[in-house]
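Step one of this worksheet: look at the structure below.
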Amino acid sequence: VHPDFQRQGVGELILSHLENWAASHKASVLLSEVKDWIPGSLPFAQKHDFLLDAHIFELRLNLTQLDLTKFANPIDRLIESGITFVTLADIPGEVSEKKLYDLYVETSKDNPGQSGNLPAFPEWRKEALPEDCSQEKWVFIALDGDHFVGVSTLFSTEETGVMYTDYTGVSRNYRGRGIAKALKLLSIQAALKEGSHTMTTDTEAGNESMQKLNRGLGYLSGKGHYRILKPLLQEG
């Protein structure tokens, strides 16, 4: 609501309309977000029985000031241990995409920023590998043999020179070995080759391991949002 019209009941009217519409479509929950930089937004939502589900920050990395030589690169060590790194462009096709989907399903369960279960494979593919902003060469995969154990994906954005890390995940049994860092560094190198000057991503406040990794790479926190939800009563 525009600041000049706040505290006049406009927000309540809009919210009531949305709840009635959702109930008429048999929805069981309302899911939304409010900006953490707008004063009073979260208290307003909580006053109307919304629950705080997650606090998610935007992070930005200035590639023009990044010196990759200062980072300990775990790739060689991981390769010596049997881990290999490829892109989806190296192993294209539905078999690889379904293995990637299975990895997303596994790793998303441990992601504090994940809301609900992933959709079925066809819908997931549209979201995770969108034709308008992703390329197979921007999907970085860690392999143990032919087993997918880690992934990090890049999207292009509407901002010239800015690329977005959509997802990074490592199979539980392979965590703590530097695989996520290796994948992130590979994606940074790819972004630089594309001529990017900035990388962005989102990280949930409770995802301490990813927060630490991103800060270590030089990402700076920006504005964020609260993801909120409200269970709806079902008649009958």
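Chain identifiers are assigned as A, B, and so on, following the order in which chains appear in the structure tokens; residues are numbered from 1 within each chain, and ligands are numbered from 1 in order of appearance.
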
For this session: For region 130-145 of chain A, work out the shell of residues within 9 Å, counting only C-alpha atoms and skipping chain neighbours fewer than 5 positions away, then give it as a VMD selection string.
Result: chain A and resid 82 to 90 92 100 125 150 to 157 170 179 to 180 182 to 184 186 to 187 190 to 191

Problem set entry | Surrounding residues of region 5-21 of chain A excluding itself and chain neighbours under 5 positions, 10 Å, only C-alpha atoms, as a ChimeraX atom specification | /A:26-27,29-30,44-45,48,230,232

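Nearest residue to Ser196 (chain A), choosing from A:Ser81, A:Ser96, A:Gln65, A:Thr160 and counting only C-alpha atoms: A:Thr160.
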
For this session: Could you please write out, as a PyMOL selection string, every residue of region 1-234 of chain A that DSSP assigns to strand (DSSP E)?
Result: chain A and resi 29-35+51-62+83-87+139-144+147-156+162-170+198-204+220-231

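Atom pair CA of Gly161 (chain A) / CA of Gln189 (chain A): separated by 13.7 Å.
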
Exercise. Hey, can you check how far CA of Phe50 (chain A) sits from CA of Ile38 (chain A)?
Worked result: 16.6 Å

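Each of A:Lys181, A:Leu192, A:Glu204, A:Arg227 was compared to Asn62 (chain A) using only C-alpha atoms, and A:Leu192 turns out to be the nearest.
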
Problem set entry | Residue with smallest distance to Thr69 (chain A) - pool A:Leu185, A:Val162, A:Leu51, A:Ala128, counting only C-alpha atoms | A:Leu185

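With only C-alpha atoms as the atoms that count, the residue of A:Met210, A:Asp49, A:Leu31, A:Tyr164 with the shortest distance to Thr198 (chain A) is A:Tyr164.
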
Problem set entry | Leu103 (chain A) surroundings by only C-alpha atoms, 8 Å radius, close-in-sequence under 2 positions cut, as a list in words | Lys99, Leu100, Tyr101, Val105, Glu106, Thr107, Phe148, Val149, Gly150, Gly169, Val170 and Ser171 of chain A

File dump, residues just selected, N, CA, C and O atoms, as a PDB file, in the first residue's frame:
```pdb
ATOM      1  N   LYS A  99      18.498 -37.524 -13.405  1.00  0.00           N
ATOM      2  CA  LYS A  99      19.455 -37.668 -12.305  1.00  0.00           C
ATOM      3  C   LYS A  99      19.603 -36.335 -11.572  1.00  0.00           C
ATOM      4  O   LYS A  99      19.714 -36.295 -10.342  1.00  0.00           O
ATOM      5  N   LEU A 100      19.609 -35.258 -12.342  1.00  0.00           N
ATOM      6  CA  LEU A 100      19.699 -33.934 -11.743  1.00  0.00           C
ATOM      7  C   LEU A 100      18.464 -33.654 -10.898  1.00  0.00           C
ATOM      8  O   LEU A 100      18.562 -33.117  -9.777  1.00  0.00           O
ATOM      9  N   TYR A 101      17.313 -34.023 -11.404  1.00  0.00           N
ATOM     10  CA  TYR A 101      16.071 -33.856 -10.657  1.00  0.00           C
ATOM     11  C   TYR A 101      16.124 -34.617  -9.332  1.00  0.00           C
ATOM     12  O   TYR A 101      15.754 -34.085  -8.280  1.00  0.00           O
ATOM     13  N   VAL A 105      15.732 -33.097  -5.577  1.00  0.00           N
ATOM     14  CA  VAL A 105      14.764 -33.603  -4.602  1.00  0.00           C
ATOM     15  C   VAL A 105      15.452 -33.910  -3.287  1.00  0.00           C
ATOM     16  O   VAL A 105      14.969 -33.547  -2.204  1.00  0.00           O
ATOM     17  N   GLU A 106      16.601 -34.586  -3.359  1.00  0.00           N
ATOM     18  CA  GLU A 106      17.326 -34.956  -2.132  1.00  0.00           C
ATOM     19  C   GLU A 106      17.824 -33.721  -1.393  1.00  0.00           C
ATOM     20  O   GLU A 106      17.599 -33.569  -0.182  1.00  0.00           O
ATOM     21  N   THR A 107      18.519 -32.832  -2.100  1.00  0.00           N
ATOM     22  CA  THR A 107      19.172 -31.710  -1.427  1.00  0.00           C
ATOM     23  C   THR A 107      18.192 -30.634  -0.984  1.00  0.00           C
ATOM     24  O   THR A 107      18.440 -29.936  -0.001  1.00  0.00           O
ATOM     25  N   PHE A 148      25.365 -38.406  -9.571  1.00  0.00           N
ATOM     26  CA  PHE A 148      25.322 -36.958  -9.409  1.00  0.00           C
ATOM     27  C   PHE A 148      25.366 -36.634  -7.914  1.00  0.00           C
ATOM     28  O   PHE A 148      24.464 -37.009  -7.172  1.00  0.00           O
ATOM     29  N   VAL A 149      26.405 -35.897  -7.487  1.00  0.00           N
ATOM     30  CA  VAL A 149      26.551 -35.614  -6.055  1.00  0.00           C
ATOM     31  C   VAL A 149      26.534 -34.121  -5.733  1.00  0.00           C
ATOM     32  O   VAL A 149      26.489 -33.739  -4.563  1.00  0.00           O
ATOM     33  N   GLY A 150      26.578 -33.254  -6.747  1.00  0.00           N
ATOM     34  CA  GLY A 150      26.546 -31.823  -6.485  1.00  0.00           C
ATOM     35  C   GLY A 150      26.157 -31.060  -7.730  1.00  0.00           C
ATOM     36  O   GLY A 150      26.389 -31.523  -8.852  1.00  0.00           O
ATOM     37  N   GLY A 169      23.523 -27.263  -4.517  1.00  0.00           N
ATOM     38  CA  GLY A 169      23.237 -28.330  -3.554  1.00  0.00           C
ATOM     39  C   GLY A 169      24.229 -29.468  -3.692  1.00  0.00           C
ATOM     40  O   GLY A 169      24.720 -29.759  -4.783  1.00  0.00           O
ATOM     41  N   VAL A 170      24.517 -30.109  -2.562  1.00  0.00           N
ATOM     42  CA  VAL A 170      25.439 -31.248  -2.530  1.00  0.00           C
ATOM     43  C   VAL A 170      24.780 -32.368  -1.749  1.00  0.00           C
ATOM     44  O   VAL A 170      24.179 -32.141  -0.689  1.00  0.00           O
ATOM     45  N   SER A 171      24.882 -33.569  -2.279  1.00  0.00           N
ATOM     46  CA  SER A 171      24.326 -34.743  -1.615  1.00  0.00           C
ATOM     47  C   SER A 171      24.879 -34.870  -0.198  1.00  0.00           C
ATOM     48  O   SER A 171      26.064 -34.608   0.042  1.00  0.00           O
TER      49      SER A 171
END
```

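Nearest to His225 (chain A) of all the residues A:Ser32, A:Asn117, A:Thr201, A:Asn73 is A:Ser32, based on only C-alpha atoms.
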
For this session: Work out how far apart CA of Lys109 (chain A) and CA of Asn207 (chain A) are and give it in Å to one decimal.
Result: 12.3 Å

Problem set entry | Distance query Gly218 (chain A) at most 8 Å, only C-alpha atoms, self and fewer than 2 positions along chain excluded, as a VMD selection string | chain A and resid 61 to 62 66 214 to 216 220

Exercise. Quick one: DSSP alpha helix (DSSP H) residues in region 77-167 of chain A, as a list in words?
Worked result: Arg77, Leu78, Ile79, Glu80, Glu94, Val95, Ser96, Glu97, Lys98, Lys99, Leu100, Tyr101, Asp102, Leu103, Tyr104, Val105, Glu106, Thr107, Ser108, Phe121, Pro122, Glu123, Trp124, Arg125, Lys126, Glu127 and Ala128 of chain A
